[in-house]
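Chemist: Take this structure, written in structure tokens, and hold onto it; I'll ask about it next.
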Amino acid sequence: MRRDLFLLKVGLVVTLLSGVLTNYGFAEQTKSRKKIAVTQIVDHAALNATRRGIIDQLEESGFKNGETTEINYENAQGNLVTSSQIAQRFASLSPDVVVAISTPSAQSAMTYVKDAAIVFASVSDPLEAKLVASLDQPEGLITGVSNAVAFDMQLSLMVEFLPDLKTVGVVYNPGEANSVALLKKMKEVAGPRNIKIVESAASKTSEVAGATQSLVNKVDAIFINNDNTALAAFESVVKVAEQGGKAVFASDTECVERGAVAVLGPNQYQVGRQAGRMVVQLLNGIPARLIPVSFPQDMELHVNRQTAKKVNIPIPQEVLARAQKVI
């Protein structure tokens with residue numbers, strides 16, 4: 001009887017210890033997880049592709065959400081105030097790395113996150129946006145990947161389609177630093193080629209259609225250059241432009257399936273993969289100042305035959321021959 005009682009007590013102790021050790025192990029596992037916060041300015045195909053690339057790269061590198069890593073994601077839905085609020089919340093979570101997809105998200109993160117490394121992605125001009133002072137040796141805790149495309153290449157592509165091109169309409173958000181900087185560069189490049197850039201402002205997605213409508217009778221073509229507001233409402237741009245018989249070009253490869261006649265730009269998913277590799281470097285202890293800002297490794301040319309036909313623009317054979325994708 002005493003022996004049975006003794007064995008019962010031993011069994012209870014073992015069970016209790018097992019539970020304690022299990023809970024301790026779980027707590028330690030949770031504690032040891034890397035914390036990554038991802039902030040994105042708006043929901044549109046290009047930025048979503050960038051985010052997918054980041055997550056896929058992290059998983060392939062052993063940082064899987066819910067296992068070795070805890071990933072918090074929030075989208076500002078195009079609202080700059082919300083973007084700042086997200087950055088403030090993320091700062092309070094004490095993450096290991098903050099990933100900011102877009103220029104406004106990166107600027108918000110830089111303003112409020114002081115104790116964690118920041119990786120930006122899909123930022124057109126990190127210098128103009130004052131995210132870094134040097135591309136080769138970014139100071140402080142921030143680095144990232146730009147998705148910039150030289151506008152002279154874009155302009156040359158448009159001239160291939162429209163040899164008599166004289167005016168290009170641009171829908172942009174004056175509240176986005178990258179859009180303002182890009183507009184300035186476009187005018188600098190177009191001027192010597194005797195091509196005029198005509199801009200129309202849209203501060204939110206609901207204004208994009210109206211901004212496009214104000215351009216169609218003034219320009220030969222419309223170009224959307226990495227402006228997040230215009231990209232989020234890109235179908236509106238295409239619809240209005242087609243009604244006016246004008247072609248839409250863009251620098252985001254996702255746009256060709258959304259109605260652009262032609263697109264020359266980086267693969268946004270691959271931009272995300274590049275940013276993901278930077279996050280992995282930071283999680284492995286390499287400081288941001290030792291990780292130079294990087295740029296797209298390849299440019300892709302995508303063409304939409306159906307849209308070109310709708311606006312009665314022939315596609316040059318030279319363009320078709322070098323296009324990576326034709327739909």
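By convention in this document, the chains of the structure tokens carry letters A, B, ... by their order, each chain's residues are numbered from 1, and ligands are numbered from 1 in the order they are shown.
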Using DSSP secondary structure from the backbone, list all strand (DSSP E) positions within region 55-289 of chain A, as an MDAnalysis selection string.

Modeler: chainID A and resid 69:75 97:101 117:123 142:146 167:172 196:201 221:224 247:250 262:266

Chemist: Which residues are close to region 317-323 of chain A, i.e. within 8 Å by only C-alpha atoms, leaving aside same-chain residues fewer than 2 positions away? Reply as a list in words.

Modeler: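 With the cut-off at 8 Å, the set is Glu160, Glu300, Leu301, His302, Val303, Ile315, Lys325 and Val326 of chain A.
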
Chemist: Taking only C-alpha atoms into account, produce a table as a Markdown table in which each residue of region 46-82 of chain A with an atom at most 10 Å from an atom of region 271-280 of chain A appears once, together with its shortest atom pair and the distance in Å to one decimal, ordered by chain and rising number.

Modeler:
| residue | atom | partner | partner_atom | distance |
| --- | --- | --- | --- | --- |
| A:Ala46 | CA | A:Val271 | CA | 9.9 |
| A:Leu47 | CA | A:Gly272 | CA | 8.7 |
| A:Asn48 | CA | A:Gly272 | CA | 9.3 |
| A:Ala49 | CA | A:Gly272 | CA | 7.2 |
| A:Thr50 | CA | A:Gly272 | CA | 4.1 |
| A:Arg51 | CA | A:Gly272 | CA | 5.9 |
| A:Arg52 | CA | A:Gly272 | CA | 6.9 |
| A:Gly53 | CA | A:Gly272 | CA | 4.2 |
| A:Ile54 | CA | A:Gly276 | CA | 4.3 |
| A:Ile55 | CA | A:Gly276 | CA | 7.0 |
| A:Asp56 | CA | A:Arg273 | CA | 7.4 |
| A:Gln57 | CA | A:Gly276 | CA | 5.3 |
| A:Leu58 | CA | A:Gly276 | CA | 5.9 |
| A:Glu59 | CA | A:Gly276 | CA | 9.4 |
| A:Glu60 | CA | A:Gly276 | CA | 9.9 |
| A:Ser61 | CA | A:Val280 | CA | 7.2 |
| A:Gly62 | CA | A:Val280 | CA | 9.1 |
| A:Phe63 | CA | A:Val280 | CA | 8.2 |

Chemist: I need the residue nearest Asn312 (chain A) from this list: A:Ala91, A:Leu162, A:Leu283, A:Val293. Use only C-alpha atoms for the distance.

Modeler: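 When distances to Asn312 (chain A) are compared using only C-alpha atoms, the smallest one comes from A:Leu162.
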
Chemist: Using only C-alpha atoms, which protein or nucleic acid residues come within 12 Å of Gln306 (chain A)? Drop anything in the same chain fewer than 4 positions from it, and give the result as number ranges by chain.

Modeler: A: 242, 247, 256-262, 310-315, 326-327

Chemist: Between A:Ile195, A:Ala76, A:Val123, A:Ala241, which one has atoms that come closest to Asp227 (chain A), using only C-alpha atoms?

Modeler: A:Val123

Chemist: Can you pull out the residues contacting Asp252 (chain A)? Cut-off 9 Å, using only C-alpha atoms, and skip same-chain residues under 4 positions away; I want them as a CSV table (one decimal) with N, CA and C atoms, in the first residue's frame.

Modeler:
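For reference, selection06.csv as written:
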chain,number,residue,atom,x,y,z
A,46,ALA,N,1.4,45.7,-57.3
A,46,ALA,CA,2.9,45.8,-57.2
A,46,ALA,C,3.4,45.7,-55.8
A,224,ILE,N,2.1,56.2,-65.8
A,224,ILE,CA,2.0,56.1,-64.4
A,224,ILE,C,3.4,55.6,-63.9
A,225,ASN,N,4.0,56.4,-63.1
A,225,ASN,CA,5.4,56.1,-62.6
A,225,ASN,C,5.5,55.9,-61.1
A,226,ASN,N,5.2,54.7,-60.7
A,226,ASN,CA,5.4,54.3,-59.3
A,226,ASN,C,4.6,55.1,-58.3
A,231,LEU,N,-1.5,53.9,-58.9
A,231,LEU,CA,-1.5,52.5,-59.1
A,231,LEU,C,-2.6,51.7,-58.4
A,256,VAL,N,0.5,45.6,-66.7
A,256,VAL,CA,0.1,45.2,-68.1
A,256,VAL,C,-1.1,44.3,-68.1
A,263,VAL,N,4.7,48.0,-70.5
A,263,VAL,CA,5.3,48.3,-69.2
A,263,VAL,C,6.8,47.9,-69.2
A,264,LEU,N,7.6,48.8,-68.7
A,264,LEU,CA,9.0,48.5,-68.6
A,264,LEU,C,9.4,48.8,-67.1
A,265,GLY,N,9.8,47.8,-66.4
A,265,GLY,CA,10.1,47.9,-65.0
A,265,GLY,C,10.6,46.7,-64.4
A,266,PRO,N,10.9,46.8,-63.1
A,266,PRO,CA,11.4,45.6,-62.4
A,266,PRO,C,10.3,44.7,-62.0
A,267,ASN,N,10.6,43.4,-61.8
A,267,ASN,CA,9.7,42.4,-61.3
A,267,ASN,C,9.6,42.7,-59.8
A,268,GLN,N,8.4,43.2,-59.4
A,268,GLN,CA,8.2,43.6,-58.0
A,268,GLN,C,8.3,42.4,-57.0

Chemist: At what distance in Å, to one decimal, does CA of Ala201 (chain A) lie from CA of Asp164 (chain A)?

Modeler: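 So the answer is 25.6 Å.
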